[in-house]
>>> print(open('input34.cif').read())   # mmCIF, C-alpha atoms
data_structure
#
loop_
_atom_site.group_PDB
_atom_site.id
_atom_site.type_symbol
_atom_site.label_atom_id
_atom_site.label_comp_id
_atom_site.auth_asym_id
_atom_site.auth_seq_id
_atom_site.Cartn_x
_atom_site.Cartn_y
_atom_site.Cartn_z
ATOM 1 C CA MET A 1 -18.929 24.539 33.235
ATOM 2 C CA GLY A 2 -19.704 25.837 29.774
ATOM 3 C CA GLY A 3 -22.802 25.179 27.766
ATOM 4 C CA GLY A 4 -21.144 22.774 25.293
ATOM 5 C CA ALA A 5 -22.190 19.152 24.839
ATOM 6 C CA SER A 6 -20.895 16.771 27.494
ATOM 7 C CA THR A 7 -19.208 13.433 26.841
ATOM 8 C CA ASN A 8 -22.448 11.665 27.721
ATOM 9 C CA ASP A 9 -24.358 13.805 25.199
ATOM 10 C CA THR A 10 -21.817 12.884 22.509
ATOM 11 C CA ASN A 11 -22.061 9.174 23.351
ATOM 12 C CA ALA A 12 -25.830 9.404 23.021
ATOM 13 C CA LEU A 13 -25.498 10.785 19.490
ATOM 14 C CA TYR A 14 -22.926 8.288 18.239
ATOM 15 C CA SER A 15 -22.581 4.532 18.569
ATOM 16 C CA TYR A 16 -19.778 2.417 17.182
ATOM 17 C CA ASP A 17 -19.268 -1.081 15.794
ATOM 18 C CA TYR A 18 -15.871 -2.655 16.500
ATOM 19 C CA THR A 19 -16.615 -5.993 14.791
ATOM 20 C CA ILE A 20 -16.343 -4.908 11.150
ATOM 21 C CA LEU A 21 -12.560 -4.480 11.111
ATOM 22 C CA PRO A 22 -11.198 -4.881 14.668
ATOM 23 C CA PRO A 23 -10.005 -2.779 16.380
ATOM 24 C CA VAL A 24 -11.143 0.103 14.129
ATOM 25 C CA ALA A 25 -14.342 1.856 15.219
ATOM 26 C CA PHE A 26 -17.048 2.250 12.573
ATOM 27 C CA SER A 27 -19.994 4.535 13.251
ATOM 28 C CA LYS A 28 -23.373 2.777 13.187
ATOM 29 C CA GLY A 29 -25.104 5.872 11.879
ATOM 30 C CA ILE A 30 -24.704 9.488 10.768
ATOM 31 C CA LYS A 31 -26.521 12.498 12.183
ATOM 32 C CA PRO A 32 -28.234 14.729 9.578
ATOM 33 C CA SER A 33 -25.982 17.578 10.669
ATOM 34 C CA ASP A 34 -22.993 15.488 9.625
ATOM 35 C CA TYR A 35 -24.215 14.840 6.097
ATOM 36 C CA PRO A 36 -21.787 16.022 3.380
ATOM 37 C CA SER A 37 -22.165 19.460 1.876
ATOM 38 C CA VAL A 38 -23.415 20.122 -1.641
ATOM 39 C CA GLU A 39 -19.868 21.114 -2.645
ATOM 40 C CA TRP A 40 -18.578 17.733 -1.515
ATOM 41 C CA VAL A 41 -21.316 15.873 -3.419
ATOM 42 C CA ILE A 42 -20.331 17.762 -6.579
ATOM 43 C CA LYS A 43 -16.688 16.727 -6.103
ATOM 44 C CA VAL A 44 -17.760 13.080 -5.688
ATOM 45 C CA PHE A 45 -19.762 13.351 -8.903
ATOM 46 C CA HIS A 46 -16.667 14.472 -10.793
ATOM 47 C CA VAL A 47 -14.728 11.522 -9.370
ATOM 48 C CA HIS A 48 -17.441 9.133 -10.581
ATOM 49 C CA VAL A 49 -17.104 10.601 -14.056
ATOM 50 C CA LYS A 50 -13.386 9.751 -13.978
ATOM 51 C CA ILE A 51 -14.165 6.245 -12.725
ATOM 52 C CA ALA A 52 -16.510 5.746 -15.659
ATOM 53 C CA GLY A 53 -13.637 6.706 -17.945
ATOM 54 C CA ASN A 54 -11.351 4.214 -16.216
ATOM 55 C CA ALA A 55 -14.002 1.513 -16.642
ATOM 56 C CA LYS A 56 -13.850 2.166 -20.364
ATOM 57 C CA ILE A 57 -10.077 1.718 -20.202
ATOM 58 C CA VAL A 58 -10.598 -1.719 -18.631
ATOM 59 C CA ASP A 59 -12.716 -2.688 -21.639
ATOM 60 C CA ILE A 60 -9.883 -1.549 -23.910
ATOM 61 C CA ILE A 61 -7.370 -3.608 -21.911
ATOM 62 C CA ASN A 62 -9.491 -6.748 -22.280
ATOM 63 C CA SER A 63 -9.853 -6.284 -26.028
ATOM 64 C CA ILE A 64 -6.122 -5.642 -26.486
ATOM 65 C CA GLN A 65 -5.162 -8.713 -24.439
ATOM 66 C CA LYS A 66 -7.231 -10.880 -26.738
ATOM 67 C CA GLU A 67 -5.357 -9.477 -29.729
ATOM 68 C CA ASP A 68 -1.957 -9.831 -27.979
ATOM 69 C CA HIS A 69 -0.933 -6.197 -28.462
ATOM 70 C CA SER A 70 2.140 -4.718 -26.824
ATOM 71 C CA PHE A 71 1.911 -2.456 -23.778
ATOM 72 C CA GLY A 72 2.956 0.481 -25.942
ATOM 73 C CA GLN A 73 0.067 -0.201 -28.315
ATOM 74 C CA PHE A 74 -2.194 -0.459 -25.285
ATOM 75 C CA LEU A 75 -1.257 3.059 -24.128
ATOM 76 C CA HIS A 76 -1.778 4.467 -27.602
ATOM 77 C CA GLU A 77 -5.237 2.895 -27.662
ATOM 78 C CA ILE A 78 -6.053 4.586 -24.339
ATOM 79 C CA TYR A 79 -4.672 7.896 -25.559
ATOM 80 C CA ASP A 80 -6.772 7.736 -28.712
ATOM 81 C CA SER A 81 -9.895 6.776 -26.757
ATOM 82 C CA LYS A 82 -9.956 10.200 -25.036
ATOM 83 C CA PHE A 83 -10.866 8.534 -21.742
ATOM 84 C CA LEU A 84 -7.847 9.593 -19.694
ATOM 85 C CA LEU A 85 -9.939 12.399 -18.256
ATOM 86 C CA HIS A 86 -7.725 13.094 -15.267
ATOM 87 C CA LEU A 87 -4.501 13.521 -17.258
ATOM 88 C CA GLY A 88 -3.502 16.597 -19.198
ATOM 89 C CA GLU A 89 -2.358 16.246 -22.800
ATOM 90 C CA THR A 90 1.313 16.690 -21.852
ATOM 91 C CA LYS A 91 1.179 13.957 -19.222
ATOM 92 C CA LYS A 92 -0.605 11.544 -21.575
ATOM 93 C CA GLU A 93 2.052 12.109 -24.204
ATOM 94 C CA SER A 94 4.857 11.521 -21.676
ATOM 95 C CA LEU A 95 3.281 8.167 -20.782
ATOM 96 C CA VAL A 96 2.837 7.046 -24.351
ATOM 97 C CA ASP A 97 6.378 8.004 -25.338
ATOM 98 C CA ALA A 98 8.076 6.746 -22.149
ATOM 99 C CA PRO A 99 11.397 5.012 -22.994
ATOM 100 C CA LEU A 100 10.543 2.113 -20.654
ATOM 101 C CA LEU A 101 7.814 0.904 -22.998
ATOM 102 C CA SER A 102 10.181 0.175 -25.850
ATOM 103 C CA LYS A 103 12.577 -2.228 -24.086
ATOM 104 C CA GLU A 104 12.781 -5.038 -21.575
ATOM 105 C CA VAL A 105 13.064 -3.960 -17.949
ATOM 106 C CA THR A 106 16.232 -5.228 -16.290
ATOM 107 C CA SER A 107 16.679 -2.678 -13.506
ATOM 108 C CA ILE A 108 14.483 -0.771 -11.070
ATOM 109 C CA ASP A 109 16.301 2.381 -12.204
ATOM 110 C CA GLN A 110 14.659 2.070 -15.629
ATOM 111 C CA TYR A 111 11.338 3.012 -14.067
ATOM 112 C CA LYS A 112 12.793 6.435 -13.315
ATOM 113 C CA GLU A 113 12.744 7.125 -17.055
ATOM 114 C CA ILE A 114 8.965 7.448 -16.838
ATOM 115 C CA PHE A 115 9.290 10.458 -14.558
ATOM 116 C CA ASN A 116 10.392 13.974 -15.383
ATOM 117 C CA ASP A 117 10.613 17.353 -13.670
ATOM 118 C CA LYS A 118 7.380 18.810 -15.049
ATOM 119 C CA THR A 119 4.461 16.459 -15.548
ATOM 120 C CA CYS A 120 5.284 13.295 -13.580
ATOM 121 C CA ILE A 121 7.692 14.095 -10.736
ATOM 122 C CA LEU A 122 9.929 11.365 -9.330
ATOM 123 C CA PRO A 123 8.880 10.533 -5.735
ATOM 124 C CA ALA A 124 11.283 11.756 -3.059
ATOM 125 C CA CYS A 125 11.814 8.202 -1.768
ATOM 126 C CA ALA A 126 12.909 6.826 -5.159
ATOM 127 C CA ASP A 127 16.575 6.769 -4.149
ATOM 128 C CA PHE A 128 16.102 5.122 -0.753
ATOM 129 C CA PHE A 129 12.778 3.237 -0.869
ATOM 130 C CA ASP A 130 14.644 -0.054 -0.326
ATOM 131 C CA ASP A 131 16.606 1.215 2.673
ATOM 132 C CA ASP A 132 16.030 -0.907 5.799
ATOM 133 C CA ALA A 133 15.121 2.025 8.028
ATOM 134 C CA TYR A 134 12.677 3.418 5.457
ATOM 135 C CA PHE A 135 11.106 -0.018 4.961
ATOM 136 C CA ALA A 136 10.491 -0.213 8.719
ATOM 137 C CA PHE A 137 9.220 3.374 8.813
ATOM 138 C CA MET A 138 6.574 2.491 6.219
ATOM 139 C CA ARG A 139 5.036 0.013 8.698
ATOM 140 C CA LEU A 140 4.099 3.096 10.746
ATOM 141 C CA GLY A 141 3.978 5.936 8.233
ATOM 142 C CA GLY A 142 2.934 4.020 5.109
ATOM 143 C CA PHE A 143 -0.418 3.173 3.551
ATOM 144 C CA ASN A 144 -1.404 0.583 6.157
ATOM 145 C CA PRO A 145 -0.046 1.458 9.608
ATOM 146 C CA VAL A 146 -2.565 -0.632 11.585
ATOM 147 C CA MET A 147 -1.081 -4.080 10.911
ATOM 148 C CA ILE A 148 1.966 -3.796 13.149
ATOM 149 C CA GLU A 149 1.641 -5.212 16.676
ATOM 150 C CA ARG A 150 4.020 -5.561 19.613
ATOM 151 C CA VAL A 151 5.188 -9.114 20.380
ATOM 152 C CA THR A 152 4.105 -9.694 23.970
ATOM 153 C CA SER A 153 4.876 -13.386 24.489
ATOM 154 C CA THR A 154 5.993 -15.760 21.740
ATOM 155 C CA LEU A 155 6.217 -15.552 17.973
ATOM 156 C CA PRO A 156 3.646 -17.403 15.814
ATOM 157 C CA ASN A 157 4.434 -21.080 15.296
ATOM 158 C CA THR A 158 4.337 -20.506 11.559
ATOM 159 C CA PHE A 159 7.175 -17.974 11.782
ATOM 160 C CA LYS A 160 10.409 -19.953 11.570
ATOM 161 C CA LEU A 161 12.794 -17.506 13.224
ATOM 162 C CA THR A 162 15.800 -18.768 15.175
ATOM 163 C CA GLN A 163 18.282 -16.996 17.439
ATOM 164 C CA GLU A 164 20.898 -17.386 14.707
ATOM 165 C CA ILE A 165 18.737 -15.661 12.100
ATOM 166 C CA PHE A 166 17.764 -12.971 14.601
ATOM 167 C CA GLN A 167 21.394 -12.047 15.291
ATOM 168 C CA LYS A 168 22.169 -11.724 11.588
ATOM 169 C CA ALA A 169 19.925 -8.647 11.390
ATOM 170 C CA PRO A 170 21.917 -5.383 11.505
ATOM 171 C CA GLY A 171 21.621 -3.825 14.951
ATOM 172 C CA PHE A 172 20.827 -7.096 16.702
ATOM 173 C CA GLU A 173 24.181 -8.913 16.408
ATOM 174 C CA ASN A 174 24.720 -8.985 20.185
ATOM 175 C CA ASP A 175 21.078 -9.196 21.195
ATOM 176 C CA GLN A 176 18.980 -12.075 22.469
ATOM 177 C CA LEU A 177 15.567 -12.867 20.984
ATOM 178 C CA THR A 178 14.092 -13.640 24.400
ATOM 179 C CA ASP A 179 15.422 -10.368 25.814
ATOM 180 C CA ALA A 180 13.975 -8.352 22.943
ATOM 181 C CA ILE A 181 10.534 -9.910 23.521
ATOM 182 C CA ALA A 182 10.731 -9.347 27.288
ATOM 183 C CA ASP A 183 11.750 -5.715 26.765
ATOM 184 C CA GLY A 184 8.851 -5.104 24.387
ATOM 185 C CA ARG A 185 11.225 -4.209 21.552
ATOM 186 C CA LEU A 186 9.859 -6.592 18.908
ATOM 187 C CA TYR A 187 6.938 -5.893 16.562
ATOM 188 C CA ILE A 188 5.250 -8.115 14.001
ATOM 189 C CA THR A 189 3.064 -7.718 10.925
ATOM 190 C CA ASP A 190 1.121 -10.830 9.986
ATOM 191 C CA TYR A 191 -0.862 -10.788 6.742
ATOM 192 C CA LYS A 192 -2.479 -14.204 7.194
ATOM 193 C CA SER A 193 -5.870 -12.580 6.508
ATOM 194 C CA LEU A 194 -4.866 -12.440 2.826
ATOM 195 C CA GLU A 195 -5.299 -16.221 2.631
ATOM 196 C CA ILE A 196 -8.917 -15.733 1.562
ATOM 197 C CA MET A 197 -7.841 -13.945 -1.623
ATOM 198 C CA LYS A 198 -7.935 -15.873 -4.883
ATOM 199 C CA PRO A 199 -5.030 -15.162 -7.260
ATOM 200 C CA GLY A 200 -5.951 -13.992 -10.725
ATOM 201 C CA ASP A 201 -4.728 -15.461 -13.989
ATOM 202 C CA LYS A 202 -4.837 -12.507 -16.430
ATOM 203 C CA PRO A 203 -2.691 -12.087 -18.434
ATOM 204 C CA VAL A 204 -0.524 -14.665 -16.600
ATOM 205 C CA PRO A 205 -1.098 -16.721 -13.407
ATOM 206 C CA LYS A 206 -0.657 -14.711 -10.224
ATOM 207 C CA ALA A 207 0.244 -15.651 -6.648
ATOM 208 C CA VAL A 208 -1.020 -14.335 -3.324
ATOM 209 C CA PHE A 209 1.565 -13.977 -0.571
ATOM 210 C CA CYS A 210 0.703 -13.840 3.123
ATOM 211 C CA PRO A 211 3.971 -12.538 4.571
ATOM 212 C CA ILE A 212 5.003 -12.206 8.189
ATOM 213 C CA GLY A 213 7.452 -9.435 9.012
ATOM 214 C CA LEU A 214 9.410 -8.992 12.231
ATOM 215 C CA PHE A 215 10.724 -5.590 13.275
ATOM 216 C CA GLY A 216 12.517 -4.389 16.348
ATOM 217 C CA VAL A 217 14.325 -1.630 18.185
ATOM 218 C CA PRO A 218 17.975 -2.416 19.106
ATOM 219 C CA LYS A 219 18.973 -2.366 22.784
ATOM 220 C CA GLU A 220 20.863 0.893 22.462
ATOM 221 C CA GLY A 221 18.739 2.404 19.709
ATOM 222 C CA LYS A 222 15.482 4.251 19.168
ATOM 223 C CA THR A 223 14.787 3.470 15.507
ATOM 224 C CA LEU A 224 12.564 0.624 14.319
ATOM 225 C CA LEU A 225 14.485 -1.743 12.018
ATOM 226 C CA PRO A 226 13.512 -4.831 9.998
ATOM 227 C CA ILE A 227 14.736 -8.190 11.274
ATOM 228 C CA ALA A 228 13.195 -10.846 9.025
ATOM 229 C CA VAL A 229 10.413 -11.332 6.474
ATOM 230 C CA GLN A 230 8.827 -14.700 5.715
ATOM 231 C CA SER A 231 6.894 -14.742 2.450
ATOM 232 C CA HIS A 232 4.356 -17.415 3.441
#
>>> encode(input="input34.cif", output="structure tokens")
Amino acid sequence: MGGGASTNDTNALYSYDYTILPPVAFSKGIKPSDYPSVEWVIKVFHVHVKIAGNAKIVDIINSIQKEDHSFGQFLHEIYDSKFLLHLGETKKESLVDAPLLSKEVTSIDQYKEIFNDKTCILPACADFFDDDAYFAFMRLGGFNPVMIERVTSTLPNTFKLTQEIFQKAPGFENDQLTDAIADGRLYITDYKSLEIMKPGDKPVPKAVFCPIGLFGVPKEGKTLLPIAVQSH
């Protein structure tokens, strides 16, 4: 065997806490040799400078809301404040002059007017972000891939899914809900933990949704697809 550290040596150096955000492992401590480098600390400092600038923008937002200014006026105030530290002059100007700010939004396509080919590039998914397969893919490859779980027995009592609704989902027309559960082909995302959040009321009353989403793989397929989403 080589002279490298064994698994037991590694376990002695690190210990983990699984109670903070189950089942994610959080280290209970950091070895001095794992401390960040000076270069990294400098980068963090620059980020904090930008955050300070954004904090100033929040103050501007609050003052503008009290005076009932338009969103366009709000952006001009930010531009004039010189606190958009992370944006170049060209990008700031494209935001201030965006066509979307001068009219009521009636279509998701209007948001594309904010983007251009040079300073603010349109995301690649803009033309298919609402596609069923892409929506399901985002449960695994999106910002929060740890919420999805396989359904191993029964669905939550709060999730009002019937066999009729299940078979209306594309790809599951000739499937049985009980069979899909038994085969391990159903997956669920339950955001009930969001119940502790308090909705805000600025500038208008907000609402907090705690959705439950059901996803599955068809009998003859290999791709995860959405089946149903319950908003509360």
>>> atom_distance(input="input34.cif", atom1="atom CA of Val146 of chain A", atom2="atom CA of Ile188 of chain A")
11.1 Å
>>> residues_around(input="input34.cif", residues="Thr162 of chain A", least_positions_apart="2", cutoff="12 Å", atoms="only C-alpha atoms", output="list of chain:residue names")
A:Leu155, A:Asn157, A:Phe159, A:Lys160, A:Glu164, A:Ile165, A:Phe166, A:Gln167, A:Lys168, A:Ala169, A:Gln176, A:Leu177, A:Thr178, A:Ile227, A:Ala228
>>> closest_residue(input="input34.cif", among="A:Gln230, A:Tyr191, A:Ala126, A:Lys222", to="Cys210 of chain A", atoms="only C-alpha atoms")
A:Tyr191
>>> atom_distance(input="input34.cif", atom1="atom CA of Ile148 of chain A", atom2="atom CA of Phe26 of chain A")
20.0 Å
>>> closest_residue(input="input34.cif", among="A:Asp201, A:Asp175, A:Asp183, A:Asp190", to="Gln163 of chain A", atoms="only C-alpha atoms")
A:Asp175
>>> closest_residue(input="input34.cif", among="A:Ser193, A:Arg185, A:Lys202, A:Met147", to="Lys219 of chain A", atoms="all atoms listed in the file")
A:Arg185
>>> closest_residue(input="input34.cif", among="A:Leu186, A:Ala207, A:Ile121, A:Leu13", to="Thr154 of chain A", atoms="all atoms listed in the file")
A:Leu186
